[in-house]
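**Student:** The structure that follows is given in the form of structure tokens.
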2 protein chains.
Amino acid sequence: MAEVQMYRGLRDVYFDKTEASFIDGQVGKLLYRGYNIHDLAQKSTTEETIYLLLHGKLPSRRELEQFDAQLRGNRSIPDEVVQIIRTVRKSHPMDVLRTAVSALSAYDPETEDKSSEATLRKGIRLTAQAPTIVAAHARIRDGKEPVPPNPQLNQAANFLYMLFGTEPDPEEARLMDVDFILHAEHGSNASAFAARVAAGTLADVHCAVVAGIATLKGPWHGGAAEQVMRMSLDIGEPERAEEYVRNVLASGGRLMGFGHRVYHALDPRAVHLKEGCRALGEKKGQPKWFQILSKVEEVMQPYAQRGICTNVDFWSGAVYYLMGIPEDLFIPLFAMGRVPGWTLQVLEQYADNILIRPLLHYVGPMDLAYVPIDRRG
Amino acid sequence: MAEVQMYRGLRDVYFDKTEASFIDGQVGKLLYRGYNIHDLAQKSTTEETIYLLLHGKLPSRRELEQFDAQLRGNRSIPDEVVQIIRTVRKSHPMDVLRTAVSALSAYDPETEDKSSEATLRKGIRLTAQAPTIVAAHARIRDGKEPVPPNPQLNQAANFLYMLFGTEPDPEEARLMDVDFILHAEHGSNASAFAARVAAGTLADVHCAVVAGIATLKGPWHGGAAEQVMRMSLDIGEPERAEEYVRNVLASGGRLMGFGHRVYHALDPRAVHLKEGCRALGEKKGQPKWFQILSKVEEVMQPYAQRGICTNVDFWSGAVYYLMGIPEDLFIPLFAMGRVPGWTLQVLEQYADNILIRPLLHYVGPMDLAYVPIDRRG
């Protein structure tokens, strides 16, 4: 057999074009639809950013109001899906989200319609419904009743409201808003790529989002925020951080929240959550998580110069923790924030579709003789 | 921005090695673990072939008996999952299969265990459970009660038994057995690739199989058998086949069941289902589907010389139709047959894991200025 060129992990392989986001991993730059993530994190809202992603331009006030009303009006999930959540309540929250989103396809009036218009509407519905699923499950497994969505609140505040049953502090709601902005889209990371692989067969957007959720569950992808927080809890006190890091490095271990397949510089999203972590920690009288993480980052500085920098997950876990969000909801938070990005990737895939089907190079035995069972050794 | 090398659809891109199956698309050759698909289709059974795939060698009689007992002992699904199937019964059967497999993760004792031993056991359980889900749904939506699995019957016969409520004719059961053999594994087709993308994040095998099902639903992948049968029904009589084909070709249309991303020669799997279609049609007193399809194949002969040949889906639809299986179960049949292949792909991915994360080339606008909403045009 001829030697083949091998692209393991498809690292650095371009499989298509996009207008969704631009990532320059060498300098740590991220644009959504041409707009810098720093501008969006500082000046925009989740609703406006989702509009930008899905429609390709910033909305007028009227367009934004209509879009926001569409999101607010689609947050409810059918009682039958709540019942399914109750049934599988003991599962990992990502498994529950995956099952519930899959089940929602039974109730969406346009499940089988793969036009871009219907796909956009379905993506907006799923964006509105995903937080409802996650919050409902979190309450049900704690023996509480789900809190119905509050149409007076925006996407971020409403999620915290549905989770805790009380209206959130405005600063916390804004931090969650920024978090949703930062997680809305990020090119063809593994979960978005899985969504595109599904869409490439002309499977519908529920299929694609389910594939995205399934892929995001893996600890090498969506699990880092939770693992970083566990590390912080392990470390416990800022003065123990340096020794902890040096021990991990000396034993050949790997610190979570550092490095990224694409970024070889500071992940620009990390900046905003770092500041959020600092401010929220002070407000809550728990500055130590910021102090621990800052110390870890400082000790890792030699690696930063080699391109192994903190990524978005490094700070997000502490932010969620300070808000009182259970650790196993950190990945679902990522997932619910990414539904707009997955939807956009599906729309791009459909717009110039091609089956995504690479090859595996066979290295096993050839042309073995089939021996009847009674003559096998 | 520098020009980039683009690999649209990842066509001809090797992303990893495999010992699962060898495909030579130029001559139409397929090996599972080194054994020719023709030998397996003629001499092996579903159970033995799954053992071969998952364990890498043909079993001794004792090994096969133990493995078969493991499959037979794991066919039941929890009442809660049956209830979920009832809840979403109006969905497409692939959506129901996706939701039910996702929900099964709540009941598997090893969902979060990603060791190869546990993954193998989970893959065997899912292989045993998937037909139970599909058959239960098919009956429930028809207002009938699910038929419990019959441990006296093999994988293929038991599926037909659970679907129809009566023990199948031995010839039909053997044809379904051959069909399962032919569908068990096929490298990194889109659905198996999606399963590997999920596994590449270290997501568990339920995630990977759900991603596979989600991806297989698309009409460009799993839908061909159903579409070929619809074409046969449209044609209606053998004497109308030639005109029908010429009309489709003249109008620039595409005939389903021809051509394949990898095969540029006769799909070796098609041979066995062609013969099965002929024999079953005669037995059932409905030879016309074989006659219609044979005529279509004959008229398409000029294309065959250019590498556009019949594929496995060309004949499978008529086989299922002759068995009385509803058309929208054709894709679930493919899915339930492929669970062993997906499991094997996950095991291979885990064994030398790497995140599968290719790139998208950004072609949108750069560095747009964020304009406050009141100053937008």
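Residue numbers start at 1 in each chain; chains themselves are named A, B, ... in the order of the structure tokens; ligands are numbered from 1 in the order shown.
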With only C-alpha atoms as the counted atoms, please give the residues lying no more than 12 Å from Leu273 in chain A, apart from itself and same-chain residues fewer than 4 positions off, as a count of residues only.
**Tutor:** 36
**Student:** May I have the residues within 7 Å of Val205 in chain A as a list in words, using only C-alpha atoms and disregarding those fewer than 3 positions away in the same chain?
**Tutor:** Thr119, Ala208, Val209, Thr343 and Val346 of chain A
**Student:** Would you put the residues from that selection into a file with C-alpha atoms, as a compact mmCIF listing (two decimals), in the first residue's frame?
**Tutor:**
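Just written: part12.txt:
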# COMPACT_ATOMS: atom_id res chain seq x y z
CA THR A 119 -33.39 26.40 10.40
CA ALA A 208 -26.65 18.98 14.57
CA VAL A 209 -27.16 20.55 17.99
CA THR A 343 -26.95 27.13 14.36
CA VAL A 346 -25.29 24.60 10.23
**Student:** If you count only C-alpha atoms, which residues fall within 10 Å of Leu126 in chain B, apart from same-chain ones fewer than 6 positions away, as a list in words?
**Tutor:**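 That gives Leu71, Asn74, Arg75, Ile77, Val101, Leu104, Ser105, Asp108, Leu120, Thr132, Val205, His206, Val209, Met336, Val339, Pro340 and Thr343 of chain B.
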**Student:** Find the residues around Phe67 in chain B up to 12 Å (only C-alpha atoms counted), leave out those fewer than 2 positions away in its own chain, and share them as a PyMOL selection string.
**Tutor:** chain B and resi 46-52+54-55+58-65+69-74+120-121+124-125+127-128+154-155
**Student:** I need the residue nearest chain A from this list: B:Leu30, B:Val248, B:Val81, B:Cys207. Use only C-alpha atoms for the distance.
**Tutor:** B:Cys207
**Student:** Using only C-alpha atoms, which residues sit within 7 Å of range 19-29 of chain A once same-chain residues fewer than 2 positions away are excluded, as a list in words?
**Tutor:**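 Listed by chain and then number, they are Leu31, Tyr32, Arg33, Leu53, His186, Gly187, Val262, Tyr263, His264, Ala265, Leu266, Asp267 and Pro268 of chain A; Tyr362, Val363 and Gly364 of chain B.
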**Student:** CA of Glu145 in chain A and CA of Asp79 in chain A are how many Å apart?
**Tutor:**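 So the two atoms, CA of Glu145 in chain A and CA of Asp79 in chain A, lie 12.5 Å apart.
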**Student:** Identify which of the residues B:Thr18, B:Asn158, B:Ser232, B:Asn150 lies closest to Glu297 in chain B, counting only C-alpha atoms when measuring atom-to-atom distances.
**Tutor:**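 Answer, going by the shortest atom-to-atom distance: B:Ser232.
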**Student:** Can you list, as a list in words, every protein, DNA or RNA residue that comes within 10 Å of Tyr244 in chain B when you count only C-alpha atoms, leaving out same-chain residues fewer than 6 positions away?
**Tutor:**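 Result of the neighbour search: Met231, Ser232, Asp234, Ile235, Ala250 and Val296 of chain B.
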**Student:** Go ahead and save the residues from that selection, with C-alpha atoms, as a CSV table (one decimal), in the first residue's frame.
**Tutor:**
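The new file result-v1.csv reads:
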chain,number,residue,atom,x,y,z
B,231,MET,CA,-38.4,5.7,-6.8
B,232,SER,CA,-39.3,2.0,-7.3
B,234,ASP,CA,-43.0,5.8,-8.5
B,235,ILE,CA,-41.8,3.7,-11.4
B,250,ALA,CA,-32.4,14.4,-19.0
B,296,VAL,CA,-32.7,0.9,-13.7
**Student:** Looking at A:Arg261, A:Arg240, A:Arg246, A:Lys122, which one is nearest to chain B, with distances taken over only C-alpha atoms?
**Tutor:**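 Closest to chain B, using only C-alpha atoms: A:Arg261.
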